[in-house]
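In what follows, a structure is listed as structure tokens, so that the remarks can point back to it.
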Amino acid sequence: MHRLWVFVFLAVAAAVAACSSPAQPIQAPTTSVRGAEGLTGRVTVAGSTTVQPLAEKLAEAFMAEHPRVKIDVQGGGSSVGVKSAGRGMVDVGTVSREIEDSEKQEYPDLKVFRIALDGIAIITNSGVSVDGLSKEQVRDIFAGKITNWRQVGGADRAIVVVAREEGSGTRAAFEEMVMGPDNPITGGAVLQPSNGAVRTAVMGTPDSIGFLSFGYLDQSVKALKVDGVEPTGASAASGRYPIVRPLNMLTRGEPTGTVKSWLDWILGPEGQQLVVKEGYIAVK
Amino acid sequence: MDRSMRCLLLAGALTSILIVLLIGLFILLQGWPALRQVGLGPLLMGRVWRPQKGQFGLLPMIVGSMLVVLGATILGVPLAVACAVFLAEVAPMPVRNVVRPAVELLAGIPSVVYGLFGLVVLVPLVRHIPVPGNSGFGLAAASAVLAVMILPTITNVAENAILAVPQDYREGSLALGATHWQTIVGVTLPAAHSGLVAAIVLGVGRALGETMAMIMVIGNSVILPRPLNGNPLTLALSQARTLTGNIAVEISYATGLHESALFATGLVLFVLIMIVNAGAHALMRGGQHERSG
């Protein structure tokens with residue numbers, strides 16, 4: 001009997017503890033000051049995992065110029081970027097897609113800064129003889145309507161589709177720009193949880209096809225022409241390459257102080273040079 | 001002194017119980033919105049998992065987890081039990097002293113290393129099976145990796161179960177003229193059977209919870225595993241996704257109901273593993289009664 005009471009007590013205590021703990025970590029927005037010797041202060045950044053490596057580079061370079069500035073970059077995903085910037089939990093939110101209308105309605109104060117463009121390349125295993133596809137063919141392959149390379153001018157081999165997991169910003173952008181609302185990616189696709197894992201899977205799997213961010217393209221896989229256009233920074237910047245998405249930074253209200261200085265720097269020549277160096281496409 | 005020590009130990013024991021309770025409660029609270037909005041039936045029996053469209057069916061993952069564990073059991077159990085019999089009954093002391101630590105070492109290899117081995121060696125190997133649509137990723141490669149991962153757990157418990165069989169049984173059998181092998185098969189293993197079953201169930205529990213290695217080799221497709229062509233054996237080449245993989249692959253993006261549905265996935269996994277562990281305990285207790293009775 002005695003023991004039973006201990007259990008009841010523990011269960012109640014646990015329930016109270018779990019209920020009273022706040023569900024979301026709340027970070028106070030940090031203030032920044034322009035001092036006499038230059039910029040100081042802390043900037044917090046969170047959101048898209050696609051933007052994260054670029055944001056980290058942009059933060060590093062900026063901090064090297066302004067040693068008294070500290071910029072913290074975290075991931076979380078594009079939706080997290082919108083939410084945390086909209087609620088003022090971070091100074092800057094990052095998003096690797098367009099801002100949805102519902103999000104604009106929920107957070108009308110958000111200011112959107114397009115810092116770079118990122119192309120999504122269609123890649124195949126290097127053994128695949130097909131060099132290019134139309135956007136419609138890409139769509140039909142990923143929807144599972146075209147299942148053999150013979151149907152698009154290749155060898156008589158079954159196509160192995162490799163894609164990203166549900167929730168990925170790259171997948172969301174690919175679905176929006178290539179698949180459209182009525183063509184879900186086939187359930188038979190091998191799903192890999194990152195750009196790097198997609199590349200590894202396509203590299204090692206004969207007859208496979210996948211998609212990844214331009215930043216991850218290398219010699220280990222074959223990048224296909226889409227609608228006859230090579231996937232390069234130049235073709236994407238000129239608007240000829242058809243699968244390009246924006247990388248955005250968001251602030252709540254007009255940015256001020258150190259945050260404004262950083263965003264200005266990113267959109268200035270130094271920041272944009274770094275964007276190009278990291279394999280993305282400059283916006284200016 | 002005795003008294004304070006006892007309090008300290010009690011506090012330690014209570015803390016661990018509290019942690020388990022808190023974790024269970026936390027998962028339940030976080031998963032609750034999904035359970036309420038989606039409903040337990042559609043969650044457990046739904047065939048479509050498309051969080052962006054608000055469809056949360058866990059059946060493909062439940063079936064995927066069960067099939068891969070079944071595959072690992074078929075491949076791993078004979079190997080593990082044979083290993084345990086060898087260690088307990090056959091191997092001379094010097095050999096035992098080498099083989100046992102080697103098997104135990106398998107338990108110390110990190111999951112991601114198994115996954116890497118599977119990705120680089122097993123997946124390309126499986127891909128050689130000439131069936132259209134065979135990507136190499138899937139149940140076959142995942143089961144093979146998992147079979148090796150549960151080997152140390154099963155071997156360890158099974159060996160102890162065999163060693164716990166009273167020496168009298170063996171001597172009685174040998175005295176009746178049975179050979180060593182006949183004694184093992186006819187007397188020792190039947191006498192240890194409840195311990196062996198418990199070992200297998202523990203291995204199954206371990207297999208259900210495995211995550212990283214599975215993500216790397218199983219393909220993670222959200223489909224009910226199905227044979228690739230008319231031959232039912234090609235089911236083993238089908239891609240799948242495990243319950244654990246479902247959580248690990250999507251949690252970093254998930255918000256709102258999607259996140260809650262992933263916690264509900266954890267709840268399903270939690271309950272499955274508790275059932276398996278309770279089964280193991282019941283079997284082990286049953287074994288003790290049998291022997292003492």
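Residue numbers start at 1 in each chain; chains themselves are named A, B, ... in the order of the structure tokens; ligands are numbered from 1 in the order shown.
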
Worksheet item: Got a sec: who's within 8 Å of Phe214 of chain A, counting only C-alpha atoms, leaving out chain neighbours fewer than 3 positions off, as a PyMOL selection string?
Response: chain A and resi 118-121+217+231-232+279-280

Item to complete: Excluding Glu254 of chain A and any residue of its chain fewer than 3 positions from it, enumerate the residues within 10 Å of it, using only C-alpha atoms, and give them as a list of chain:residue names.
Response: A:Asp109, A:Leu110, A:Lys111, A:Val112, A:Leu250, A:Thr251, A:Val259, A:Lys260

Residues from the last selection, N, CA and C atoms, saved as an mmCIF file, in the first residue's frame:
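Output saved as out_27.cif:
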data_model
loop_
_atom_site.group_PDB
_atom_site.id
_atom_site.type_symbol
_atom_site.label_atom_id
_atom_site.label_comp_id
_atom_site.auth_asym_id
_atom_site.auth_seq_id
_atom_site.Cartn_x
_atom_site.Cartn_y
_atom_site.Cartn_z
ATOM 1 N N ASP A 109 4.293 41.729 -40.086
ATOM 2 C CA ASP A 109 5.442 42.623 -39.892
ATOM 3 C C ASP A 109 6.717 42.128 -40.572
ATOM 4 N N LEU A 110 6.680 40.909 -41.112
ATOM 5 C CA LEU A 110 7.934 40.336 -41.622
ATOM 6 C C LEU A 110 8.468 41.110 -42.824
ATOM 7 N N LYS A 111 9.781 41.408 -42.785
ATOM 8 C CA LYS A 111 10.451 41.984 -43.947
ATOM 9 C C LYS A 111 11.311 40.880 -44.560
ATOM 10 N N VAL A 112 11.190 40.729 -45.878
ATOM 11 C CA VAL A 112 11.892 39.643 -46.559
ATOM 12 C C VAL A 112 13.096 40.193 -47.322
ATOM 13 N N LEU A 250 14.660 36.843 -42.991
ATOM 14 C CA LEU A 250 13.486 37.576 -42.531
ATOM 15 C C LEU A 250 13.792 38.325 -41.248
ATOM 16 N N THR A 251 13.212 39.521 -41.120
ATOM 17 C CA THR A 251 13.277 40.210 -39.835
ATOM 18 C C THR A 251 11.869 40.674 -39.503
ATOM 19 N N VAL A 259 21.989 44.232 -36.898
ATOM 20 C CA VAL A 259 21.284 43.356 -37.843
ATOM 21 C C VAL A 259 21.218 44.024 -39.210
ATOM 22 N N LYS A 260 20.903 45.324 -39.225
ATOM 23 C CA LYS A 260 20.833 46.053 -40.491
ATOM 24 C C LYS A 260 22.197 46.094 -41.169
#

Determine, for each residue of chain B having at least one atom at most 7 Å from an atom of chain A, the closest pair of atoms and their separation in Å to one decimal, counting only C-alpha atoms; order by chain and ascending number, as a Markdown table.
| residue | atom | partner | partner_atom | distance |
| --- | --- | --- | --- | --- |
| B:Leu18 | CA | A:Leu10 | CA | 6.7 |
| B:Leu22 | CA | A:Ala14 | CA | 5.6 |
| B:Phe26 | CA | A:Ala18 | CA | 6.4 |
| B:Pro132 | CA | A:Ala158 | CA | 5.9 |
| B:Gly133 | CA | A:Ala158 | CA | 5.7 |
| B:Ser135 | CA | A:Val160 | CA | 6.3 |
| B:Gly219 | CA | A:Val190 | CA | 4.6 |
| B:Asn220 | CA | A:Leu191 | CA | 5.1 |
| B:Ser221 | CA | A:Val190 | CA | 5.4 |
| B:Val222 | CA | A:Gly187 | CA | 5.8 |
| B:Ile223 | CA | A:Gly187 | CA | 5.7 |
| B:Val249 | CA | A:Pro193 | CA | 5.9 |
| B:Glu250 | CA | A:Gly167 | CA | 6.6 |
| B:Ser252 | CA | A:Gly76 | CA | 5.9 |
| B:Tyr253 | CA | A:Gly77 | CA | 5.2 |
| B:Ala254 | CA | A:Gly167 | CA | 6.7 |

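Of the residues listed (B:Glu104, B:Glu259, B:Glu171, B:Glu210), B:Glu104 shows the shortest atom-to-atom separation from Leu151 of chain B; distances use only C-alpha atoms.
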
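The spacing separating atom CA of Val138 of chain A from atom CA of Ile215 of chain B amounts to 25.8 Å.
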
Selection near Ala191 of chain B, 10 Å with only C-alpha atoms, sequence-local residues under 2 positions removed, as an mmCIF file with N, CA and C atoms, in the first residue's frame:
data_model
loop_
_atom_site.group_PDB
_atom_site.id
_atom_site.type_symbol
_atom_site.label_atom_id
_atom_site.label_comp_id
_atom_site.auth_asym_id
_atom_site.auth_seq_id
_atom_site.Cartn_x
_atom_site.Cartn_y
_atom_site.Cartn_z
ATOM 1 N N ALA B 161 21.493 -18.899 -20.283
ATOM 2 C CA ALA B 161 20.380 -19.831 -20.093
ATOM 3 C C ALA B 161 20.872 -21.270 -20.192
ATOM 4 N N ILE B 162 21.769 -21.519 -21.155
ATOM 5 C CA ILE B 162 22.281 -22.892 -21.332
ATOM 6 C C ILE B 162 23.157 -23.281 -20.146
ATOM 7 N N ALA B 164 22.853 -22.299 -17.222
ATOM 8 C CA ALA B 164 22.057 -22.438 -16.009
ATOM 9 C C ALA B 164 21.377 -23.806 -15.902
ATOM 10 N N VAL B 165 21.394 -24.575 -16.991
ATOM 11 C CA VAL B 165 20.813 -25.927 -16.925
ATOM 12 C C VAL B 165 21.661 -26.763 -15.976
ATOM 13 N N PRO B 166 21.027 -27.380 -14.954
ATOM 14 C CA PRO B 166 21.817 -28.128 -13.962
ATOM 15 C C PRO B 166 22.675 -29.207 -14.609
ATOM 16 N N TYR B 169 21.404 -32.852 -15.300
ATOM 17 C CA TYR B 169 20.644 -33.220 -16.501
ATOM 18 C C TYR B 169 21.586 -33.823 -17.543
ATOM 19 N N ILE B 184 22.898 -32.284 -26.081
ATOM 20 C CA ILE B 184 22.621 -30.860 -26.336
ATOM 21 C C ILE B 184 21.233 -30.681 -26.929
ATOM 22 N N VAL B 185 20.955 -31.460 -27.983
ATOM 23 C CA VAL B 185 19.698 -31.270 -28.706
ATOM 24 C C VAL B 185 18.515 -31.803 -27.909
ATOM 25 N N GLY B 186 18.705 -32.962 -27.240
ATOM 26 C CA GLY B 186 17.578 -33.632 -26.599
ATOM 27 C C GLY B 186 17.328 -33.189 -25.172
ATOM 28 N N VAL B 187 18.364 -32.712 -24.482
ATOM 29 C CA VAL B 187 18.193 -32.413 -23.050
ATOM 30 C C VAL B 187 18.494 -30.947 -22.731
ATOM 31 N N THR B 188 19.688 -30.488 -23.062
ATOM 32 C CA THR B 188 20.118 -29.164 -22.614
ATOM 33 C C THR B 188 19.251 -28.052 -23.212
ATOM 34 N N LEU B 189 19.131 -28.047 -24.556
ATOM 35 C CA LEU B 189 18.363 -26.977 -25.194
ATOM 36 C C LEU B 189 16.896 -26.981 -24.767
ATOM 37 N N HIS B 193 14.870 -23.871 -22.813
ATOM 38 C CA HIS B 193 14.109 -23.227 -23.889
ATOM 39 C C HIS B 193 13.487 -21.892 -23.466
ATOM 40 N N SER B 194 13.024 -21.786 -22.212
ATOM 41 C CA SER B 194 12.397 -20.510 -21.853
ATOM 42 C C SER B 194 13.424 -19.384 -21.840
ATOM 43 N N GLY B 195 14.630 -19.697 -21.395
ATOM 44 C CA GLY B 195 15.702 -18.701 -21.433
ATOM 45 C C GLY B 195 16.050 -18.316 -22.858
ATOM 46 N N LEU B 196 16.031 -19.315 -23.754
ATOM 47 C CA LEU B 196 16.337 -19.037 -25.160
ATOM 48 C C LEU B 196 15.281 -18.122 -25.772
ATOM 49 N N GLY B 287 10.505 -19.491 -16.746
ATOM 50 C CA GLY B 287 11.620 -20.439 -16.797
ATOM 51 C C GLY B 287 12.110 -20.801 -15.411
ATOM 52 N N GLU B 290 9.743 -23.186 -13.614
ATOM 53 C CA GLU B 290 9.858 -24.516 -14.198
ATOM 54 C C GLU B 290 11.013 -25.282 -13.569
ATOM 55 N N ARG B 291 12.130 -24.564 -13.467
ATOM 56 C CA ARG B 291 13.333 -25.248 -12.997
ATOM 57 C C ARG B 291 13.229 -25.574 -11.497
#

Item to complete: From a DSSP pass on the backbone, collect the residues of segment 126-277 of chain B flagged as alpha helix (DSSP H) and hand them back as a ChimeraX atom specification.
Response: /B:126-127,139-163,167-175,180-183,189-191,193-209,212-217,243-250,256-277

Worksheet entry | Among listed residues B:Val157, B:Ala207, B:Gly57, B:Thr183, nearest Val276 of chain B (using only C-alpha atoms) | B:Ala207

Worksheet item: Quick one: residues within 8 Å of segment 87-101 of chain B, only C-alpha atoms counted, chain neighbours fewer than 4 positions away excluded, as number ranges by chain?
Response: B: 83, 105, 159-160, 162-163, 184

Take the residues from that selection and write them out as an mmCIF file, in the first residue's frame, keeping N, CA and C atoms.
data_model
loop_
_atom_site.group_PDB
_atom_site.id
_atom_site.type_symbol
_atom_site.label_atom_id
_atom_site.label_comp_id
_atom_site.auth_asym_id
_atom_site.auth_seq_id
_atom_site.Cartn_x
_atom_site.Cartn_y
_atom_site.Cartn_z
ATOM 1 N N CYS B 83 25.918 -19.931 -31.825
ATOM 2 C CA CYS B 83 27.081 -19.324 -31.173
ATOM 3 C C CYS B 83 27.039 -19.584 -29.665
ATOM 4 N N LEU B 105 32.258 -7.702 -28.389
ATOM 5 C CA LEU B 105 32.771 -6.510 -29.061
ATOM 6 C C LEU B 105 31.761 -5.983 -30.087
ATOM 7 N N GLU B 159 23.456 -17.982 -23.884
ATOM 8 C CA GLU B 159 24.564 -18.734 -23.289
ATOM 9 C C GLU B 159 24.335 -18.907 -21.788
ATOM 10 N N ASN B 160 23.916 -17.824 -21.113
ATOM 11 C CA ASN B 160 23.622 -17.911 -19.680
ATOM 12 C C ASN B 160 22.505 -18.896 -19.401
ATOM 13 N N ILE B 162 21.769 -21.519 -21.155
ATOM 14 C CA ILE B 162 22.281 -22.892 -21.332
ATOM 15 C C ILE B 162 23.157 -23.281 -20.146
ATOM 16 N N LEU B 163 23.981 -22.333 -19.705
ATOM 17 C CA LEU B 163 24.869 -22.631 -18.569
ATOM 18 C C LEU B 163 24.072 -22.879 -17.289
ATOM 19 N N ILE B 184 22.898 -32.284 -26.081
ATOM 20 C CA ILE B 184 22.621 -30.860 -26.336
ATOM 21 C C ILE B 184 21.233 -30.681 -26.929
#

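Proximity ranking of B:Leu267, B:Leu122, B:Met284, B:Ile109 relative to Leu28 of chain B places B:Leu267 first, based on only C-alpha atoms.
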